[in-house]
file upload12.txt (compact mmCIF, C-alpha atoms (C1' of nucleotides))
# COMPACT_ATOMS: atom_id res chain seq x y z
CA MET A 10 -0.54 61.65 -103.18
CA ASP A 11 -2.25 63.46 -100.36
CA SER A 12 -4.96 61.51 -98.67
CA LYS A 13 -7.64 64.08 -97.99
CA PRO A 14 -10.27 61.95 -96.31
CA SER A 15 -8.55 61.29 -93.04
CA PRO A 16 -10.51 59.24 -90.54
CA ALA A 17 -12.82 61.29 -88.37
CA VAL A 18 -12.37 59.05 -85.38
CA VAL A 19 -9.23 59.16 -83.33
CA VAL A 20 -8.32 55.60 -82.59
CA SER A 21 -5.11 56.44 -80.86
CA ALA A 22 -2.57 59.20 -80.78
CA VAL A 23 0.07 56.99 -82.35
CA PRO A 24 0.40 57.49 -86.09
CA PRO A 25 1.46 54.72 -88.47
CA TYR A 26 5.07 54.51 -89.54
CA GLY A 27 6.26 57.40 -91.68
CA HIS A 28 3.40 59.61 -90.54
CA VAL A 29 2.95 62.34 -88.03
CA ILE A 30 -0.25 63.55 -86.46
CA LEU A 31 -0.42 67.26 -86.07
CA SER A 32 -2.98 69.54 -84.61
CA ALA A 33 -5.31 71.11 -87.15
CA LYS A 34 -4.05 74.63 -86.60
CA TRP A 35 -0.93 73.71 -88.55
CA ARG A 36 -2.90 73.08 -91.71
CA GLY A 37 -1.32 75.08 -94.50
CA SER A 38 1.59 76.21 -92.36
CA THR A 39 5.19 76.45 -93.49
CA LEU A 40 6.02 73.60 -91.18
CA ALA A 41 3.44 71.25 -92.63
CA HIS A 42 4.26 72.36 -96.14
CA HIS A 43 7.83 71.18 -95.83
CA PHE A 44 6.81 67.67 -94.85
CA LYS A 45 5.63 67.12 -98.38
CA GLY A 46 7.11 64.03 -99.91
CA VAL A 47 9.08 63.10 -96.85
CA VAL A 48 6.59 62.36 -94.11
CA LYS A 49 2.84 62.16 -94.33
CA ALA A 50 0.83 64.51 -92.20
CA ILE A 51 -2.44 63.56 -90.56
CA PHE A 52 -4.37 66.50 -89.19
CA GLU A 53 -6.36 66.10 -86.04
CA GLU A 54 -8.73 68.61 -84.47
CA GLU A 55 -8.48 67.67 -80.84
CA LEU A 56 -4.89 67.24 -79.87
CA GLY A 57 -5.05 69.33 -76.75
CA VAL A 58 -1.90 71.18 -75.95
CA VAL A 59 0.22 68.87 -78.11
CA ASP A 60 1.28 70.08 -81.53
CA LEU A 61 2.59 66.88 -83.01
CA HIS A 62 2.68 63.15 -82.41
CA LEU A 63 5.35 60.76 -83.67
CA SER A 64 4.91 57.02 -83.81
CA ASN A 65 7.85 56.39 -81.51
CA LYS A 66 5.78 57.45 -78.54
CA SER A 67 7.07 60.98 -78.65
CA CYS A 68 5.00 64.10 -78.76
CA ILE A 69 6.17 67.55 -79.60
CA LEU A 70 5.26 70.99 -78.40
CA TYR A 71 6.31 73.70 -80.79
CA VAL A 72 7.32 77.02 -79.28
CA SER A 73 7.63 79.65 -81.97
CA GLU A 74 9.80 82.70 -82.02
CA SER A 75 6.85 84.92 -81.27
CA ASP A 76 5.76 82.74 -78.36
CA VAL A 77 9.17 83.17 -76.81
CA VAL A 78 9.58 86.86 -77.48
CA ALA A 79 6.08 87.81 -76.45
CA GLY A 80 6.42 85.66 -73.38
CA ASN A 81 2.94 84.33 -74.26
CA ASP A 82 2.79 82.44 -70.97
CA TYR A 83 4.45 79.60 -72.79
CA LYS A 84 5.68 78.30 -69.46
CA ARG A 85 2.16 77.49 -68.45
CA LYS A 86 1.68 75.75 -71.76
CA ILE A 87 4.80 73.66 -71.35
CA VAL A 88 3.76 72.58 -67.89
CA ARG A 89 0.36 71.50 -69.18
CA PHE A 90 2.13 69.70 -72.00
CA ARG A 91 4.27 67.80 -69.56
CA ASN A 92 1.37 66.88 -67.29
CA ALA A 93 -0.89 65.75 -70.10
CA ASN A 94 1.52 63.29 -71.67
CA SER A 95 3.13 61.20 -69.01
CA ASN A 96 3.01 58.11 -71.23
CA PHE A 97 4.92 59.75 -74.02
CA HIS A 98 8.33 61.21 -74.34
CA GLY A 99 7.84 64.93 -74.38
CA VAL A 100 9.97 67.00 -76.68
CA VAL A 101 9.88 70.78 -76.76
CA LEU A 102 10.90 72.23 -80.09
CA VAL A 103 11.82 75.89 -79.85
CA GLU A 104 12.63 78.44 -82.50
CA LYS A 105 15.95 79.94 -81.58
CA THR A 106 16.39 83.01 -83.72
CA ARG A 107 18.20 86.30 -83.45
CA LEU A 108 15.16 87.69 -81.72
CA SER A 109 14.48 84.84 -79.36
CA GLU A 110 17.95 83.63 -78.48
CA GLN A 111 18.30 85.98 -75.53
CA TYR A 112 15.52 84.02 -73.82
CA PHE A 113 16.92 80.63 -74.71
CA SER A 114 19.02 79.82 -71.68
CA GLY A 115 16.14 80.66 -69.40
CA LEU A 116 13.88 78.43 -71.40
CA GLN A 117 16.47 75.69 -71.36
CA ARG A 118 16.82 75.83 -67.61
CA PHE A 119 13.07 75.62 -67.22
CA VAL A 120 12.35 72.87 -69.74
CA VAL A 121 15.33 70.60 -69.17
CA LEU A 122 16.32 71.14 -65.57
CA GLU A 123 12.99 71.83 -63.94
CA LEU A 124 10.64 69.74 -66.06
CA GLY A 125 12.96 67.03 -67.30
CA LEU A 126 11.82 67.27 -70.91
CA THR A 127 13.94 67.19 -74.02
CA LEU A 128 14.62 70.52 -75.65
CA LEU A 129 15.53 70.91 -79.30
CA ALA A 130 16.33 74.20 -80.96
CA VAL A 131 15.73 75.06 -84.59
CA ALA A 132 16.22 78.26 -86.51
CA SER A 133 13.04 78.19 -88.55
CA PRO A 134 9.91 76.19 -89.33
CA VAL A 135 11.74 74.74 -92.34
CA GLU A 136 14.47 73.46 -90.11
CA ALA A 137 11.89 72.11 -87.72
CA ALA A 138 10.27 70.16 -90.53
CA GLN A 139 13.64 68.70 -91.48
CA LEU A 140 14.39 67.70 -87.93
CA ILE A 141 11.00 66.07 -87.47
CA SER A 142 11.43 64.22 -90.75
CA GLN A 143 14.68 62.84 -89.49
CA MET A 144 13.06 61.76 -86.25
CA VAL A 145 10.35 59.97 -88.18
CA HIS A 146 12.72 58.26 -90.53
CA GLY A 147 15.15 57.30 -87.87
CA GLU A 148 12.46 55.53 -85.88
CA SER A 149 13.31 52.06 -87.04
CA LYS A 150 17.00 52.63 -86.57
CA GLU A 151 18.65 53.63 -83.40
CA ASN A 152 17.95 57.26 -82.74
CA PRO A 153 18.64 59.62 -79.90
CA PHE A 154 14.97 60.32 -79.30
CA ARG A 155 14.16 56.81 -78.28
CA ARG A 156 13.64 56.09 -74.63
CA ARG A 157 16.46 54.02 -73.31
CA SER A 158 15.80 51.50 -70.62
CA ALA A 159 19.31 50.44 -69.80
CA CYS A 160 21.72 52.96 -68.42
CA ARG A 161 23.85 54.60 -71.03
CA LEU A 162 27.08 54.42 -69.11
CA LEU A 163 27.80 50.80 -69.99
CA ASP A 164 29.20 50.21 -73.42
CA PRO A 165 26.74 47.88 -75.16
CA VAL A 166 29.55 46.18 -77.05
CA VAL A 167 31.38 45.29 -73.86
CA LEU A 168 28.12 44.22 -72.29
CA ASN A 169 27.47 41.82 -75.13
CA LEU A 170 30.96 40.39 -74.92
CA VAL A 171 30.59 39.67 -71.23
CA GLN A 172 27.32 37.89 -71.94
CA GLN A 173 29.20 35.47 -74.19
CA ILE A 174 30.72 33.91 -71.11
CA PRO A 175 28.71 30.77 -70.34
CA GLY A 176 26.50 31.18 -67.31
CA VAL A 177 26.47 34.94 -67.67
CA GLY A 178 23.39 36.65 -69.01
CA LYS A 179 22.10 40.16 -68.94
CA VAL A 180 21.79 40.52 -65.21
CA LYS A 181 25.13 39.08 -64.21
CA ALA A 182 26.93 40.90 -67.02
CA MET A 183 25.54 44.17 -65.72
CA ALA A 184 26.45 43.30 -62.17
CA LEU A 185 29.98 42.39 -63.12
CA LEU A 186 30.60 45.50 -65.18
CA GLN A 187 29.11 47.65 -62.48
CA GLN A 188 31.63 46.31 -60.04
CA PHE A 189 34.70 45.74 -62.18
CA SER A 190 34.13 48.00 -65.20
CA SER A 191 36.28 46.19 -67.75
CA ILE A 192 36.77 42.78 -69.28
CA HIS A 193 40.48 43.06 -68.75
CA GLN A 194 39.87 43.45 -65.08
CA ILE A 195 37.35 40.63 -64.90
CA CYS A 196 39.60 38.09 -66.55
CA ASN A 197 42.33 38.67 -63.99
CA LEU A 198 40.08 38.11 -61.01
CA SER A 199 40.18 35.04 -58.82
CA ALA A 200 37.13 32.85 -58.40
CA GLN A 201 36.78 34.15 -54.84
CA GLN A 202 36.71 37.75 -55.98
CA LEU A 203 34.11 36.88 -58.59
CA GLU A 204 31.98 35.30 -55.91
CA SER A 205 31.40 38.68 -54.36
CA VAL A 206 29.20 39.55 -57.30
CA VAL A 207 28.04 36.25 -58.64
CA GLY A 208 27.32 32.87 -57.07
CA GLN A 209 29.90 30.16 -56.58
CA ALA A 210 28.91 28.05 -59.55
CA THR A 211 28.99 30.93 -61.96
CA ALA A 212 32.23 32.23 -60.49
CA GLN A 213 33.86 28.91 -61.34
CA GLN A 214 32.42 29.02 -64.84
CA ILE A 215 33.78 32.49 -65.47
CA TRP A 216 37.21 31.69 -64.08
CA GLY A 217 37.31 28.54 -66.15
CA PHE A 218 36.35 30.43 -69.26
CA PHE A 219 39.38 32.66 -68.95
CA HIS A 220 41.91 30.19 -67.52
CA ASN A 221 41.13 26.66 -68.59
CA GLN A 222 42.60 26.09 -71.95
CA LEU A 223 40.11 23.74 -73.48
CA SER A 224 42.45 21.27 -75.09
C1' DT B 2 12.62 40.81 -82.24
C1' DC B 3 9.96 39.38 -78.34
C1' DG B 4 7.96 36.23 -75.07
C1' DT B 5 8.41 32.03 -72.50
C1' DA B 6 9.28 27.08 -71.04
C1' DG B 7 12.38 24.51 -68.61
C1' DG B 8 16.50 23.77 -66.19
C1' DT B 9 20.01 25.88 -63.08
C1' DT B 10 21.84 29.01 -59.61
C1' DT B 11 21.32 32.13 -55.73
C1' DT B 12 19.51 33.55 -51.54
C1' DA C 24 12.00 26.19 -50.97
C1' DA C 25 11.27 30.35 -53.37
C1' DA C 26 13.06 33.78 -56.31
C1' DA C 27 16.07 35.07 -59.75
C1' DC C 28 18.59 33.94 -63.59
C1' DC C 29 20.22 31.78 -68.13
C1' DT C 30 19.43 29.71 -72.51
C1' DA C 31 17.21 28.04 -76.37
C1' DC C 32 13.34 27.79 -79.15
C1' DG C 33 9.13 29.24 -81.61
C1' DA C 34 5.92 32.88 -83.12
call {"tool": "encode", "arguments": {"input": "upload12.txt", "output": "structure tokens"}}
result
Amino acid sequence: MDSKPSPAVVVSAVPPYGHVILSAKWRGSTLAHHFKGVVKAIFEEELGVVDLHLSNKSCILYVSESDVVAGNDYKRKIVRFRNANSNFHGVVLVEKTRLSEQYFSGLQRFVVLELGLTLLAVASPVEAAQLISQMVHGESKENPFRRRSACRLLDPVVLNLVQQIPGVGKVKAMALLQQFSSIHQICNLSAQQLESVVGQATAQQIWGFFHNQLS
DNA sequence: TCGTAGGTTTT
DNA sequence: AAAACCTACGA
């Protein structure tokens, strides 16, 4: 069921779950056509330089094969895209085809290294639609397009285990793993060594947790 | 899952 | 003493 009377007023640029907002110029395009049945498209006239909004606070700029090959000052466009959407996670979706692949590494250097945006390559509009569908559907689950607050270097499983130690919460678990990197290491530390990271009371608690056999 | 009250630890 | 932290509880 396509809902044709979409609201004329833009309340916000964040679509409801399972939907994407895309700029009106995509109406009737191959890309939009392949959303059918998987994600719902809401067309919006004034989206500025953005092509597509996802509800996970991401917005997408689509760079087509012809944009790349013709050099259509897409760089200027990407810069405007980045500047206009500081609150969102900017993703540049580029068509990497036989014709455009020779320009890809240059584009990659520019988008990722210089602008700090995410770059995703697809071979065709159909593939782009599939990828976007996956991004939309993966929103509720963990997905690689979500902004991560914590640093990715710490294993979340290990982090959780360390937090099971009484007196140790998020902050101290992070601090401990930053300094000692493994549970195995932490459990062999003396209370004095632990005190270099954590306070005296907590150091005792941690040492006790590993060494006091509770009855 | 997220925010917060209330008690404890750290500085 | 103030700031930071931990935990448990309720929306």
call {"tool": "closest_atom_pairs", "arguments": {"input": "upload12.txt", "of": "chain B", "to": "chain A", "cutoff": "10 Å", "atoms": "only C-alpha atoms (C1' of nucleotides)", "output": "CSV"}}
result
residue,atom,partner,partner_atom,distance
B:DT9,C1',A:Gly176,CA,9.4
B:DT10,C1',A:Ala210,CA,7.1
B:DT11,C1',A:Gly208,CA,6.2
B:DT12,C1',A:Gly208,CA,9.6
call {"tool": "residues_around", "arguments": {"input": "upload12.txt", "residues": "Leu61 of chain A", "least_positions_apart": "5", "cutoff": "10 Å", "atoms": "all atoms listed in the file", "output": "list in words"}}
result
Ala22, Val29, Ile30, Leu31, Ser32, Ala33, Trp35, Ala50, Ile51, Phe52, Glu53, Leu56, Ser67, Cys68, Ile69, Leu70, Tyr71, Val100 and Ile141 of chain A
call {"tool": "closest_atom_pairs", "arguments": {"input": "upload12.txt", "of": "chain A", "to": "chain C", "cutoff": "12 Å", "atoms": "only C-alpha atoms (C1' of nucleotides)", "output": "tab-separated table"}}
result
residue	atom	partner	partner_atom	distance
A:Gln172	CA	C:DC29	C1'	10.1
A:Gln173	CA	C:DC29	C1'	11.4
A:Ile174	CA	C:DC29	C1'	11.1
A:Pro175	CA	C:DC29	C1'	8.8
A:Gly176	CA	C:DC29	C1'	6.4
A:Val177	CA	C:DC29	C1'	7.0
A:Gly178	CA	C:DC29	C1'	5.9
A:Lys179	CA	C:DC29	C1'	8.6
A:Val180	CA	C:DC28	C1'	7.5
A:Lys181	CA	C:DC28	C1'	8.3
A:Ala182	CA	C:DC29	C1'	11.4
A:Val207	CA	C:DC28	C1'	10.9
A:Gly208	CA	C:DC28	C1'	10.9
A:Thr211	CA	C:DC29	C1'	10.8
call {"tool": "write_last_selection", "arguments": {"input": "upload12.txt", "atoms": "C-alpha atoms", "output": "CSV table (one decimal), in the coordinates of the input"}}
result
chain,number,residue,atom,x,y,z
A,172,GLN,CA,27.3,37.9,-71.9
A,173,GLN,CA,29.2,35.5,-74.2
A,174,ILE,CA,30.7,33.9,-71.1
A,175,PRO,CA,28.7,30.8,-70.3
A,176,GLY,CA,26.5,31.2,-67.3
A,177,VAL,CA,26.5,34.9,-67.7
A,178,GLY,CA,23.4,36.6,-69.0
A,179,LYS,CA,22.1,40.2,-68.9
A,180,VAL,CA,21.8,40.5,-65.2
A,181,LYS,CA,25.1,39.1,-64.2
A,182,ALA,CA,26.9,40.9,-67.0
A,207,VAL,CA,28.0,36.2,-58.6
A,208,GLY,CA,27.3,32.9,-57.1
A,211,THR,CA,29.0,30.9,-62.0
call {"tool": "residues_around", "arguments": {"input": "upload12.txt", "residues": "Gly217 of chain A", "least_positions_apart": "2", "cutoff": "12 Å", "atoms": "all atoms listed in the file", "output": "list in words"}}
result
Ile174, Pro175, Gly176, Cys196, Asn197, Leu198, Ser199, Ala200, Leu203, Ala210, Thr211, Ala212, Gln213, Gln214, Ile215, Phe219, His220, Asn221, Gln222 and Leu223 of chain A
call {"tool": "atom_distance", "arguments": {"input": "upload12.txt", "atom1": "atom CA of Gly57 of chain A", "atom2": "atom CA of Arg89 of chain A"}}
result
9.6 Å
call {"tool": "axis_aligned_box", "arguments": {"input": "upload12.txt", "around": "chain B", "padding_each_side": "5 Å", "output": "AutoDock Vina command-line options"}}
result
--center_x 14.9 --center_y 32.3 --center_z -66.9 --size_x 23.9 --size_y 27.0 --size_z 40.7
call {"tool": "atom_distance", "arguments": {"input": "upload12.txt", "atom1": "atom CA of Gln117 of chain A", "atom2": "atom CA of Val145 of chain A"}}
result
23.8 Å
